[in-house]
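S.K.: The file below is query-v3.cif, mmCIF, C-alpha atoms:
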```cif
data_model
#
loop_
_atom_site.label_atom_id
_atom_site.label_comp_id
_atom_site.auth_asym_id
_atom_site.auth_seq_id
_atom_site.Cartn_x
_atom_site.Cartn_y
_atom_site.Cartn_z
CA MET A 1 -38.33 -25.17 18.32
CA GLN A 2 -34.93 -25.12 19.93
CA LYS A 3 -33.34 -26.51 16.80
CA ARG A 4 -35.06 -24.08 14.47
CA SER A 5 -34.01 -21.06 16.49
CA THR A 6 -30.41 -22.32 16.59
CA VAL A 7 -30.38 -22.63 12.81
CA ARG A 8 -31.83 -19.16 12.48
CA GLY A 9 -29.27 -17.92 14.99
CA ALA A 10 -26.45 -19.39 12.94
CA ARG A 11 -27.79 -17.87 9.75
CA THR A 12 -28.10 -14.48 11.38
CA ARG A 13 -24.55 -14.72 12.73
CA GLU A 14 -23.29 -15.51 9.24
CA SER A 15 -25.08 -12.58 7.62
CA ILE A 16 -23.96 -10.26 10.43
CA LEU A 17 -20.37 -11.29 9.79
CA ARG A 18 -20.68 -10.72 6.06
CA THR A 19 -21.74 -7.13 6.74
CA ALA A 20 -19.06 -6.75 9.41
CA ALA A 21 -16.34 -7.84 6.96
CA ASP A 22 -17.66 -5.39 4.34
CA ILE A 23 -17.53 -2.53 6.85
CA ALA A 24 -14.02 -3.44 8.02
CA SER A 25 -12.74 -3.54 4.43
CA VAL A 26 -13.75 0.12 4.10
CA ASP A 27 -13.03 1.52 7.57
CA GLY A 28 -10.52 -0.94 8.99
CA LEU A 29 -11.05 -3.21 11.98
CA ASP A 30 -10.94 -0.24 14.34
CA GLY A 31 -13.87 1.28 12.47
CA LEU A 32 -15.93 -1.85 13.16
CA THR A 33 -17.83 -1.15 16.36
CA ILE A 34 -20.97 -2.83 17.69
CA GLY A 35 -22.77 0.52 17.34
CA ARG A 36 -21.74 1.02 13.72
CA LEU A 37 -22.70 -2.53 12.83
CA ALA A 38 -26.06 -2.28 14.63
CA ALA A 39 -26.90 0.88 12.66
CA GLU A 40 -25.93 -0.76 9.35
CA LEU A 41 -28.02 -3.86 10.07
CA GLU A 42 -30.88 -1.96 11.71
CA MET A 43 -30.52 -4.23 14.72
CA SER A 44 -30.33 -3.34 18.39
CA LYS A 45 -26.92 -3.27 20.05
CA SER A 46 -28.18 -5.78 22.64
CA GLY A 47 -29.22 -8.10 19.80
CA LEU A 48 -25.65 -7.98 18.51
CA PHE A 49 -24.20 -8.52 21.97
CA ALA A 50 -26.17 -11.78 22.11
CA HIS A 51 -24.02 -13.00 19.20
CA PHE A 52 -20.71 -11.41 20.15
CA GLY A 53 -19.89 -10.65 23.77
CA SER A 54 -17.42 -7.86 22.98
CA LYS A 55 -15.93 -5.75 20.21
CA GLU A 56 -12.83 -7.98 20.28
CA GLU A 57 -14.89 -11.16 19.79
CA LEU A 58 -16.68 -9.48 16.88
CA GLN A 59 -13.36 -8.45 15.31
CA LEU A 60 -11.88 -11.95 15.57
CA ALA A 61 -15.01 -13.53 14.08
CA THR A 62 -14.90 -10.95 11.28
CA ILE A 63 -11.29 -11.83 10.45
CA ASP A 64 -12.31 -15.51 10.26
CA GLU A 65 -15.16 -14.63 7.90
CA ALA A 66 -12.82 -12.54 5.74
CA ARG A 67 -10.26 -15.40 5.64
CA LEU A 68 -12.92 -17.81 4.36
CA ARG A 69 -14.01 -15.38 1.67
CA TYR A 70 -10.40 -14.66 0.65
CA ALA A 71 -9.62 -18.39 0.46
CA ALA A 72 -12.73 -19.09 -1.65
CA GLU A 73 -12.18 -16.15 -4.02
CA VAL A 74 -8.38 -15.96 -4.34
CA ILE A 75 -6.47 -18.95 -2.96
CA THR A 76 -8.67 -21.86 -4.09
CA PRO A 77 -9.13 -20.69 -7.71
CA GLY A 78 -5.47 -19.61 -7.84
CA LEU A 79 -4.21 -23.00 -6.68
CA ALA A 80 -6.48 -24.79 -9.18
CA ALA A 81 -3.91 -24.11 -11.93
CA ASP A 82 -1.10 -26.65 -12.43
CA ARG A 83 1.99 -26.16 -10.28
CA GLY A 84 4.63 -23.91 -11.83
CA ILE A 85 4.54 -20.57 -13.55
CA GLY A 86 0.87 -21.03 -14.47
CA ARG A 87 -0.10 -21.25 -10.81
CA LEU A 88 1.99 -18.22 -9.91
CA ASP A 89 0.31 -16.22 -12.66
CA SER A 90 -3.11 -17.60 -11.74
CA LEU A 91 -2.75 -16.53 -8.08
CA CYS A 92 -1.93 -12.98 -9.21
CA GLN A 93 -4.85 -12.89 -11.67
CA SER A 94 -7.25 -14.24 -9.01
CA PHE A 95 -6.20 -11.50 -6.63
CA LEU A 96 -6.70 -8.75 -9.22
CA SER A 97 -10.07 -10.18 -10.24
CA TYR A 98 -11.18 -10.34 -6.60
CA VAL A 99 -10.39 -6.66 -6.10
CA GLU A 100 -11.90 -5.72 -9.49
CA ARG A 101 -15.15 -7.59 -8.77
CA GLY A 102 -15.50 -5.81 -5.41
CA VAL A 103 -15.64 -9.00 -3.32
CA PHE A 104 -15.06 -6.61 -0.42
CA PRO A 105 -16.46 -3.13 -1.11
CA GLY A 106 -13.37 -1.42 0.33
CA GLY A 107 -10.86 -3.45 -1.68
CA CYS A 108 -8.74 -6.24 -0.26
CA PHE A 109 -9.79 -6.81 3.36
CA PHE A 110 -6.31 -7.93 4.35
CA ALA A 111 -4.56 -5.01 2.70
CA ALA A 112 -6.90 -2.67 4.62
CA ALA A 113 -6.46 -4.54 7.89
CA MET A 114 -2.72 -5.26 7.48
CA ALA A 115 -1.70 -2.39 9.69
CA GLU A 116 -4.01 -3.57 12.45
CA PHE A 117 -3.13 -7.22 12.73
CA ASP A 118 -0.31 -9.36 11.52
CA SER A 119 -1.57 -10.29 8.07
CA LYS A 120 0.86 -11.34 5.36
CA SER A 121 -1.76 -11.12 2.62
CA SER A 122 -0.84 -13.25 -0.39
CA GLY A 123 2.97 -13.08 0.08
CA PRO A 124 3.80 -16.58 1.39
CA VAL A 125 1.45 -18.29 -1.10
CA LEU A 126 3.16 -16.47 -3.98
CA GLU A 127 6.60 -17.34 -2.61
CA ARG A 128 5.70 -21.03 -2.42
CA ALA A 129 4.31 -20.96 -5.97
CA ALA A 130 7.52 -19.26 -7.17
CA GLU A 131 9.65 -21.95 -5.47
CA GLU A 132 7.59 -24.60 -7.25
CA GLY A 133 8.11 -22.75 -10.53
CA VAL A 134 11.89 -23.06 -10.00
CA GLU A 135 11.66 -26.76 -8.99
CA ILE A 136 9.62 -27.58 -12.09
CA GLY A 137 11.98 -25.66 -14.38
CA HIS A 138 9.56 -22.94 -15.47
CA LEU A 139 11.61 -20.27 -13.71
CA ARG A 140 15.38 -20.01 -13.85
CA ALA A 141 17.44 -21.83 -11.23
CA THR A 142 18.86 -18.41 -10.21
CA THR A 143 15.41 -16.95 -9.48
CA ASP A 144 15.09 -15.55 -5.96
CA ALA A 145 11.58 -16.71 -5.03
CA ARG A 146 11.20 -14.26 -2.14
CA GLN A 147 12.30 -11.30 -4.23
CA LEU A 148 9.98 -12.29 -7.06
CA ALA A 149 7.05 -12.68 -4.61
CA PHE A 150 7.81 -9.21 -3.17
CA GLU A 151 7.71 -7.65 -6.62
CA LEU A 152 4.49 -9.39 -7.67
CA GLU A 153 2.89 -8.47 -4.36
CA ALA A 154 3.96 -4.83 -4.79
CA SER A 155 2.06 -4.64 -8.10
CA LEU A 156 -1.00 -6.32 -6.56
CA LEU A 157 -1.08 -3.97 -3.58
CA ALA A 158 -0.55 -0.89 -5.75
CA ALA A 159 -3.43 -1.91 -8.04
CA ASN A 160 -5.72 -2.47 -5.05
CA TRP A 161 -4.69 0.82 -3.53
CA TYR A 162 -4.91 3.07 -6.59
CA PHE A 163 -8.09 1.49 -7.89
CA HIS A 164 -9.89 2.39 -4.68
CA LEU A 165 -8.26 5.79 -4.42
CA TYR A 166 -8.98 6.96 -7.95
CA SER A 167 -11.79 4.59 -9.04
CA ASP A 168 -9.70 3.87 -12.13
CA ALA A 169 -9.78 0.26 -13.36
CA GLY A 170 -6.80 1.01 -15.63
CA TYR A 171 -4.55 0.15 -12.66
CA PHE A 172 -5.51 -3.52 -13.05
CA ASP A 173 -4.11 -3.49 -16.58
CA ARG A 174 -0.93 -1.82 -15.33
CA ALA A 175 -0.53 -4.54 -12.69
CA ARG A 176 -1.25 -7.33 -15.22
CA ARG A 177 1.36 -5.95 -17.63
CA ALA A 178 3.91 -5.60 -14.83
CA ILE A 179 3.29 -9.15 -13.59
CA ARG A 180 3.43 -10.78 -17.04
CA ALA A 181 6.63 -8.92 -17.96
CA ARG A 182 8.22 -9.86 -14.63
CA LEU A 183 7.27 -13.53 -15.01
CA ARG A 184 8.55 -13.62 -18.61
CA SER A 185 11.87 -12.04 -17.65
CA GLU A 186 12.40 -14.75 -15.04
CA SER A 187 11.21 -17.68 -17.21
CA THR A 188 13.00 -20.50 -18.95
CA ALA A 189 11.90 -21.37 -22.50
CA THR A 190 9.54 -24.01 -21.04
CA GLY A 191 8.14 -21.44 -18.64
CA ARG A 192 7.49 -18.94 -21.44
CA ARG A 193 5.68 -21.56 -23.50
CA THR A 194 3.54 -22.52 -20.48
CA LEU A 195 2.72 -18.89 -19.77
CA SER A 196 1.72 -18.19 -23.41
CA ARG A 197 -0.68 -21.16 -23.39
CA GLY A 198 -2.57 -19.40 -20.58
CA ASP A 199 -3.33 -16.34 -22.77
CA MET B 15 6.58 43.11 22.90
CA GLN B 16 4.05 42.61 20.14
CA LYS B 17 6.77 41.57 17.75
CA ARG B 18 8.43 39.14 20.12
CA SER B 19 5.16 37.41 20.95
CA THR B 20 4.35 37.12 17.22
CA VAL B 21 7.71 35.48 16.60
CA ARG B 22 7.16 33.16 19.54
CA GLY B 23 3.66 32.47 18.21
CA ALA B 24 5.04 31.53 14.82
CA ARG B 25 7.68 29.30 16.34
CA THR B 26 5.09 27.58 18.48
CA ARG B 27 2.82 27.09 15.50
CA GLU B 28 5.70 25.51 13.60
CA SER B 29 6.61 23.12 16.37
CA ILE B 30 2.94 22.24 16.88
CA LEU B 31 2.66 21.37 13.20
CA ARG B 32 5.77 19.21 13.30
CA THR B 33 4.21 17.12 16.06
CA ALA B 34 0.85 17.12 14.26
CA ALA B 35 2.46 15.74 11.07
CA ASP B 36 4.25 13.04 13.10
CA ILE B 37 0.96 11.96 14.69
CA ALA B 38 -0.89 11.94 11.36
CA SER B 39 1.81 9.78 9.77
CA VAL B 40 1.06 7.12 12.39
CA ASP B 41 -2.70 7.45 12.89
CA GLY B 42 -3.86 9.13 9.68
CA LEU B 43 -5.39 12.59 9.40
CA ASP B 44 -8.60 11.37 11.04
CA GLY B 45 -6.59 10.37 14.11
CA LEU B 46 -5.28 13.92 14.43
CA THR B 47 -7.68 15.65 16.82
CA ILE B 48 -7.13 18.81 18.86
CA GLY B 49 -7.49 16.68 22.01
CA ARG B 50 -4.90 14.12 20.93
CA LEU B 51 -2.45 16.84 19.89
CA ALA B 52 -2.98 18.79 23.14
CA ALA B 53 -2.17 15.66 25.16
CA GLU B 54 0.98 14.97 23.12
CA LEU B 55 2.23 18.56 23.49
CA GLU B 56 1.06 18.94 27.11
CA MET B 57 -0.81 22.06 26.05
CA SER B 58 -4.38 23.08 26.77
CA LYS B 59 -6.99 22.55 24.07
CA SER B 60 -7.85 26.25 24.24
CA GLY B 61 -4.18 27.10 23.64
CA LEU B 62 -4.32 25.02 20.47
CA PHE B 63 -7.60 26.58 19.39
CA ALA B 64 -5.84 29.97 19.51
CA HIS B 65 -3.59 28.67 16.71
CA PHE B 66 -6.13 26.65 14.74
CA GLY B 67 -9.81 27.50 14.83
CA SER B 68 -11.00 24.01 13.99
CA LYS B 69 -9.93 20.43 13.38
CA GLU B 70 -10.18 21.05 9.62
CA GLU B 71 -7.87 24.07 9.80
CA LEU B 72 -5.38 22.03 11.79
CA GLN B 73 -5.53 19.19 9.24
CA LEU B 74 -4.93 21.52 6.28
CA ALA B 75 -2.00 23.21 8.01
CA THR B 76 -0.59 19.77 8.84
CA ILE B 77 -0.76 18.69 5.19
CA ASP B 78 1.14 21.87 4.24
CA GLU B 79 3.80 21.11 6.85
CA ALA B 80 4.10 17.52 5.58
CA ARG B 81 4.39 18.74 1.97
CA LEU B 82 7.30 21.01 2.91
CA ARG B 83 9.08 18.19 4.73
CA TYR B 84 8.49 15.77 1.84
CA ALA B 85 9.78 18.30 -0.69
CA ALA B 86 12.90 19.00 1.37
CA GLU B 87 13.65 15.32 2.06
CA VAL B 88 12.60 13.58 -1.16
CA ILE B 89 11.88 15.88 -4.10
CA THR B 90 14.69 18.43 -3.77
CA PRO B 91 17.53 15.92 -3.25
CA GLY B 92 16.01 13.62 -5.88
CA LEU B 93 15.86 16.38 -8.50
CA ALA B 94 19.46 17.42 -7.74
CA ALA B 95 20.71 14.56 -9.94
CA ASP B 96 21.16 15.22 -13.66
CA ARG B 97 18.10 14.70 -15.84
CA GLY B 98 17.70 11.20 -17.20
CA ILE B 99 17.95 7.75 -15.67
CA GLY B 100 20.15 9.07 -12.84
CA ARG B 101 17.39 11.41 -11.68
CA LEU B 102 14.77 8.68 -11.88
CA ASP B 103 16.96 6.41 -9.79
CA SER B 104 17.82 9.24 -7.40
CA LEU B 105 14.14 10.05 -6.75
CA CYS B 106 13.50 6.40 -5.84
CA GLN B 107 16.57 6.24 -3.59
CA SER B 108 15.59 9.51 -1.85
CA PHE B 109 12.15 8.12 -1.12
CA LEU B 110 13.52 4.88 0.36
CA SER B 111 16.07 6.79 2.43
CA TYR B 112 13.36 9.13 3.75
CA VAL B 113 11.28 6.18 4.94
CA GLU B 114 14.35 4.35 6.29
CA ARG B 115 15.53 7.41 8.26
CA GLY B 116 12.08 7.78 9.84
CA VAL B 117 11.52 11.37 8.65
CA PHE B 118 7.93 10.69 9.68
CA PRO B 119 7.69 8.14 12.50
CA GLY B 120 4.75 6.35 10.85
CA GLY B 121 6.40 6.01 7.44
CA CYS B 122 5.52 8.10 4.43
CA PHE B 123 2.97 10.70 5.50
CA PHE B 124 1.37 10.76 2.07
CA ALA B 125 1.12 7.00 1.78
CA ALA B 126 -0.65 6.98 5.17
CA ALA B 127 -2.91 9.89 4.28
CA MET B 128 -3.55 8.84 0.65
CA ALA B 129 -6.88 7.27 1.46
CA GLU B 130 -8.04 10.42 3.21
CA PHE B 131 -7.19 13.09 0.70
CA ASP B 132 -6.29 13.16 -2.94
CA SER B 133 -2.54 12.67 -2.75
CA LYS B 134 -0.64 11.24 -5.69
CA SER B 135 2.55 10.70 -3.67
CA SER B 136 5.64 10.55 -5.88
CA GLY B 137 3.89 9.18 -9.01
CA PRO B 138 3.81 12.27 -11.30
CA VAL B 139 7.38 13.26 -10.42
CA LEU B 140 8.60 9.78 -11.31
CA GLU B 141 6.62 9.82 -14.55
CA ARG B 142 8.14 13.16 -15.57
CA ALA B 143 11.66 11.87 -14.76
CA ALA B 144 10.97 8.73 -16.84
CA GLU B 145 9.80 10.86 -19.80
CA GLU B 146 13.03 12.86 -19.54
CA GLY B 147 14.97 9.59 -19.47
CA VAL B 148 13.38 8.65 -22.82
CA GLU B 149 13.98 12.13 -24.31
CA ILE B 150 17.65 12.03 -23.32
CA GLY B 151 18.09 8.51 -24.70
CA HIS B 152 18.83 6.75 -21.39
CA LEU B 153 15.61 4.75 -21.62
CA ARG B 154 14.37 3.05 -24.79
CA ALA B 155 12.12 4.98 -27.15
CA THR B 156 9.47 2.28 -26.57
CA THR B 157 9.44 2.79 -22.79
CA ASP B 158 5.98 3.54 -21.40
CA ALA B 159 6.79 6.24 -18.82
CA ARG B 160 3.49 5.89 -16.94
CA GLN B 161 3.81 2.12 -16.70
CA LEU B 162 7.41 2.38 -15.49
CA ALA B 163 6.42 5.01 -12.90
CA PHE B 164 3.61 2.71 -11.66
CA GLU B 165 6.03 -0.18 -11.21
CA LEU B 166 8.67 1.90 -9.41
CA GLU B 167 6.00 3.42 -7.18
CA ALA B 168 4.63 -0.06 -6.38
CA SER B 169 8.05 -1.10 -5.02
CA LEU B 170 8.39 2.13 -3.03
CA LEU B 171 4.96 1.78 -1.45
CA ALA B 172 5.48 -1.90 -0.67
CA ALA B 173 8.81 -1.13 1.04
CA ASN B 174 7.22 1.64 3.10
CA TRP B 175 4.31 -0.59 4.02
CA TYR B 176 6.18 -3.77 4.95
CA PHE B 177 8.97 -1.96 6.76
CA HIS B 178 6.45 -0.41 9.14
CA LEU B 179 4.39 -3.55 9.43
CA TYR B 180 7.24 -5.94 10.22
CA SER B 181 10.00 -3.54 11.33
CA ASP B 182 12.25 -5.28 8.81
CA ALA B 183 14.70 -3.04 6.96
CA GLY B 184 15.37 -5.87 4.50
CA TYR B 185 12.40 -4.60 2.49
CA PHE B 186 14.45 -1.54 1.46
CA ASP B 187 17.00 -3.83 -0.17
CA ARG B 188 14.22 -5.74 -1.93
CA ALA B 189 12.84 -2.47 -3.31
CA ARG B 190 16.31 -1.26 -4.36
CA ARG B 191 17.01 -4.51 -6.21
CA ALA B 192 13.61 -4.37 -7.91
CA ILE B 193 14.09 -0.74 -8.97
CA ARG B 194 17.64 -1.22 -10.31
CA ALA B 195 16.64 -4.35 -12.25
CA ARG B 196 13.59 -2.60 -13.70
CA LEU B 197 15.62 0.47 -14.74
CA ARG B 198 18.34 -1.71 -16.31
CA SER B 199 15.82 -3.74 -18.28
CA GLU B 200 14.40 -0.54 -19.76
CA SER B 201 17.79 1.15 -20.43
CA THR B 202 19.76 1.82 -23.57
CA ALA B 203 23.53 1.19 -23.47
CA THR B 204 24.06 4.88 -22.57
CA GLY B 205 21.48 4.57 -19.81
CA ARG B 206 23.17 1.49 -18.35
CA ARG B 207 26.54 3.22 -18.30
CA THR B 208 25.01 6.27 -16.60
CA LEU B 209 23.31 4.07 -14.03
CA SER B 210 26.52 2.14 -13.26
CA ARG B 211 28.42 5.39 -12.65
CA GLY B 212 25.95 6.10 -9.83
CA ASP B 213 26.96 2.92 -7.94
#
```
As structure tokens, what does this structure read like?

M.R.:
Amino acid sequence: MQKRSTVRGARTRESILRTAADIASVDGLDGLTIGRLAAELEMSKSGLFAHFGSKEELQLATIDEARLRYAAEVITPGLAADRGIGRLDSLCQSFLSYVERGVFPGGCFFAAAMAEFDSKSSGPVLERAAEEGVEIGHLRATTDARQLAFELEASLLAANWYFHLYSDAGYFDRARRAIRARLRSESTATGRRTLSRGD
Amino acid sequence: MQKRSTVRGARTRESILRTAADIASVDGLDGLTIGRLAAELEMSKSGLFAHFGSKEELQLATIDEARLRYAAEVITPGLAADRGIGRLDSLCQSFLSYVERGVFPGGCFFAAAMAEFDSKSSGPVLERAAEEGVEIGHLRATTDARQLAFELEASLLAANWYFHLYSDAGYFDRARRAIRARLRSESTATGRRTLSRGD
């Protein structure tokens, strides 16, 4: 009996956190209160307090849940591409697809929560992939990996932002065009050939 | 007496709205309550209700105040440059300078409030300036003005966002580099000469 109820408890905790992460993607972490979550789940507040002792504990657990989902939907598929310009492109495409598919109903969880905790979103991963692109010879030796990551990230954030503001999926195409043109302009001949193979 | 108190009333209303716009740039329009504003101004809530009958009225008046400040700090100086690539560049520079100078303490008011009301920020103004750049022959005839405006806007928003998140003014330089490179890549020879004269 003890075991079964622990398993059920764990399952409940997981499904609570999925809902919590969905709410926070729409209303931010500050909008995620025990009361709001209880109403959404049709649970009692005391039932929720049995899982999470405080609002802070709930928020931290929700960030962990969101990190796992982000890793599974963006980072892991993005990194599956070969190192170099293909991986850099693949990380950008994975991000846009994750926003487009509504993995979080409010758009990128980390973009929404950025202002509330120190989240760097996809920046450092893109920068690393850009550095690899230079090392491998897909991007020019003069490429500034941090600058390139900033510019790619700007397009990704703008697409996420405008798509949710105007419910217009055309912003994903704008971001894809911007990213491809930016990657091409920074590519060596080898890099351009590698990028074209991905089309 | 009547006249003097009306003038004082107007002045008070103006200074109330300046503070209200500052608060909303940090906490969003939803964070702007009569109670919060009263505390900030060390006024009574009833004193504020004499100026604004409701939270909604206060929010609308605050948006008007923010629009005036944005026009005076970004649009008017941006449009002062000659039509063409110089004006497009000047609008971008005015925006970055306005964020950098902390015209609103929370960064761009309209970027912060975008999610809460239908604000298009600087997008349409940039698009119009890009179209003029094509008409005048500073930008290539093949330039897609909407796409270019999206990409410039993405850099502007990212600079605003990251600067306030990490208190790092280096993001303004990143945005300026991105914008100049993007404008150059889309320029005709005349456009490039015009852009260089602005340096």

S.K.: Taking all atoms listed in the file into account, which residues of chain B are within 7 Å of chain A, as an MDAnalysis selection string?

M.R.: chainID B and resid 129 161 165 168:169 172 179 188 192

S.K.: Using all atoms listed in the file, which residue out of A:Ala61, A:Val74, A:Ile85, A:Ala24 lies closest to Val99 in chain A?

M.R.: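 Selected residue with least distance to Val99 in chain A: A:Val74.
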
S.K.: Applied to this file, what does the PyMOL selection byres ((chain A and resi 188) around 12) return in terms of residues, put as number ranges by chain?

M.R.: A: 84-85, 133-143, 183-187, 189-195

S.K.: Carefully work through the PyMOL selection byres ((chain B and resi 102) around 10) for this structure and note down the residues it includes, as a ChimeraX atom specification.

M.R.: /B:92-93,95-101,103-107,139-147,163,166,193,197,209

S.K.: Could you list the residues chosen by the PyMOL selection byres ((chain A and resi 28) around 10) in this structure as a short mmCIF file (atom, residue, chain, number, x, y, z; two decimals) with C-alpha atoms, keeping the file's coordinate frame?

M.R.:
```
data_model
loop_
_atom_site.label_atom_id
_atom_site.label_comp_id
_atom_site.auth_asym_id
_atom_site.auth_seq_id
_atom_site.Cartn_x
_atom_site.Cartn_y
_atom_site.Cartn_z
CA ALA A 21 -16.34 -7.84 6.96
CA ASP A 22 -17.66 -5.39 4.34
CA ILE A 23 -17.53 -2.53 6.85
CA ALA A 24 -14.02 -3.44 8.02
CA SER A 25 -12.74 -3.54 4.43
CA VAL A 26 -13.75 0.12 4.10
CA ASP A 27 -13.03 1.52 7.57
CA LEU A 29 -11.05 -3.21 11.98
CA ASP A 30 -10.94 -0.24 14.34
CA GLY A 31 -13.87 1.28 12.47
CA LEU A 32 -15.93 -1.85 13.16
CA GLY A 106 -13.37 -1.42 0.33
CA PHE A 109 -9.79 -6.81 3.36
CA PHE A 110 -6.31 -7.93 4.35
CA ALA A 111 -4.56 -5.01 2.70
CA ALA A 112 -6.90 -2.67 4.62
CA ALA A 113 -6.46 -4.54 7.89
CA MET A 114 -2.72 -5.26 7.48
CA ALA A 115 -1.70 -2.39 9.69
CA GLU A 116 -4.01 -3.57 12.45
#
```

S.K.: Box time for range 93-101 of chain A: axis-aligned, enclosing all its listed atoms, 5 Å extra on each side; report centre and edge lengths in Å to one decimal, as JSON.

M.R.:
```
{"center_x": -10.0, "center_y": -10.0, "center_z": -8.9, "size_x": 20.3, "size_y": 18.5, "size_z": 15.6}
```

S.K.: Select, from A:Gly35, A:Ala72, A:Leu58, A:Asn160, the residue with the minimum atom-to-atom distance to Glu100 in chain A, counting only C-alpha atoms.

M.R.: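 Distance minimum relative to Glu100 in chain A lands on A:Asn160.
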
S.K.: Between CA of Arg32 in chain B and CA of Glu79 in chain B, measure the distance and give it in Å to one decimal.

M.R.: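 Atom-to-atom, CA of Arg32 in chain B and CA of Glu79 in chain B are spaced 7.0 Å apart.
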
S.K.: Can you take the partial range 118-124 of chain B, add all heavy atoms, and return it as a CSV table (one decimal), in the coordinates of the input?

M.R.:
```csv
chain,number,residue,atom,x,y,z
B,118,PHE,N,9.2,10.7,9.0
B,118,PHE,CA,7.9,10.7,9.7
B,118,PHE,C,7.9,9.4,10.4
B,118,PHE,O,8.2,8.3,9.8
B,118,PHE,CB,6.7,10.7,8.7
B,118,PHE,CG,6.5,12.0,8.0
B,118,PHE,CD1,6.9,12.2,6.7
B,118,PHE,CD2,6.0,13.1,8.7
B,118,PHE,CE1,6.7,13.4,6.1
B,118,PHE,CE2,5.8,14.3,8.1
B,118,PHE,CZ,6.1,14.5,6.7
B,119,PRO,N,7.6,9.4,11.7
B,119,PRO,CA,7.7,8.1,12.5
B,119,PRO,C,6.8,7.0,12.0
B,119,PRO,O,7.1,5.8,12.2
B,119,PRO,CB,7.3,8.6,13.9
B,119,PRO,CG,6.6,9.9,13.8
B,119,PRO,CD,7.2,10.5,12.6
B,120,GLY,N,5.7,7.4,11.3
B,120,GLY,CA,4.8,6.4,10.8
B,120,GLY,C,5.0,5.9,9.4
B,120,GLY,O,4.2,5.3,8.8
B,121,GLY,N,6.1,6.3,8.9
B,121,GLY,CA,6.4,6.0,7.4
B,121,GLY,C,6.0,7.2,6.6
B,121,GLY,O,5.7,8.3,7.1
B,122,CYS,N,5.9,7.0,5.3
B,122,CYS,CA,5.5,8.1,4.4
B,122,CYS,C,4.2,8.7,4.8
B,122,CYS,O,3.2,8.0,4.8
B,122,CYS,CB,5.5,7.6,3.0
B,122,CYS,SG,5.0,9.0,1.9
B,123,PHE,N,4.2,10.0,5.1
B,123,PHE,CA,3.0,10.7,5.5
B,123,PHE,C,1.9,10.6,4.4
B,123,PHE,O,0.8,10.3,4.7
B,123,PHE,CB,3.3,12.2,5.7
B,123,PHE,CG,2.1,13.1,6.0
B,123,PHE,CD1,1.7,13.3,7.3
B,123,PHE,CD2,1.3,13.6,5.0
B,123,PHE,CE1,0.6,14.1,7.6
B,123,PHE,CE2,0.2,14.4,5.2
B,123,PHE,CZ,-0.1,14.7,6.5
B,124,PHE,N,2.3,10.7,3.2
B,124,PHE,CA,1.4,10.8,2.1
B,124,PHE,C,0.8,9.4,1.7
B,124,PHE,O,-0.3,9.3,1.3
B,124,PHE,CB,2.0,11.5,0.9
B,124,PHE,CG,2.2,12.9,1.2
B,124,PHE,CD1,3.4,13.4,1.6
B,124,PHE,CD2,1.1,13.8,1.2
B,124,PHE,CE1,3.6,14.7,1.9
B,124,PHE,CE2,1.3,15.1,1.5
B,124,PHE,CZ,2.5,15.6,1.9
```
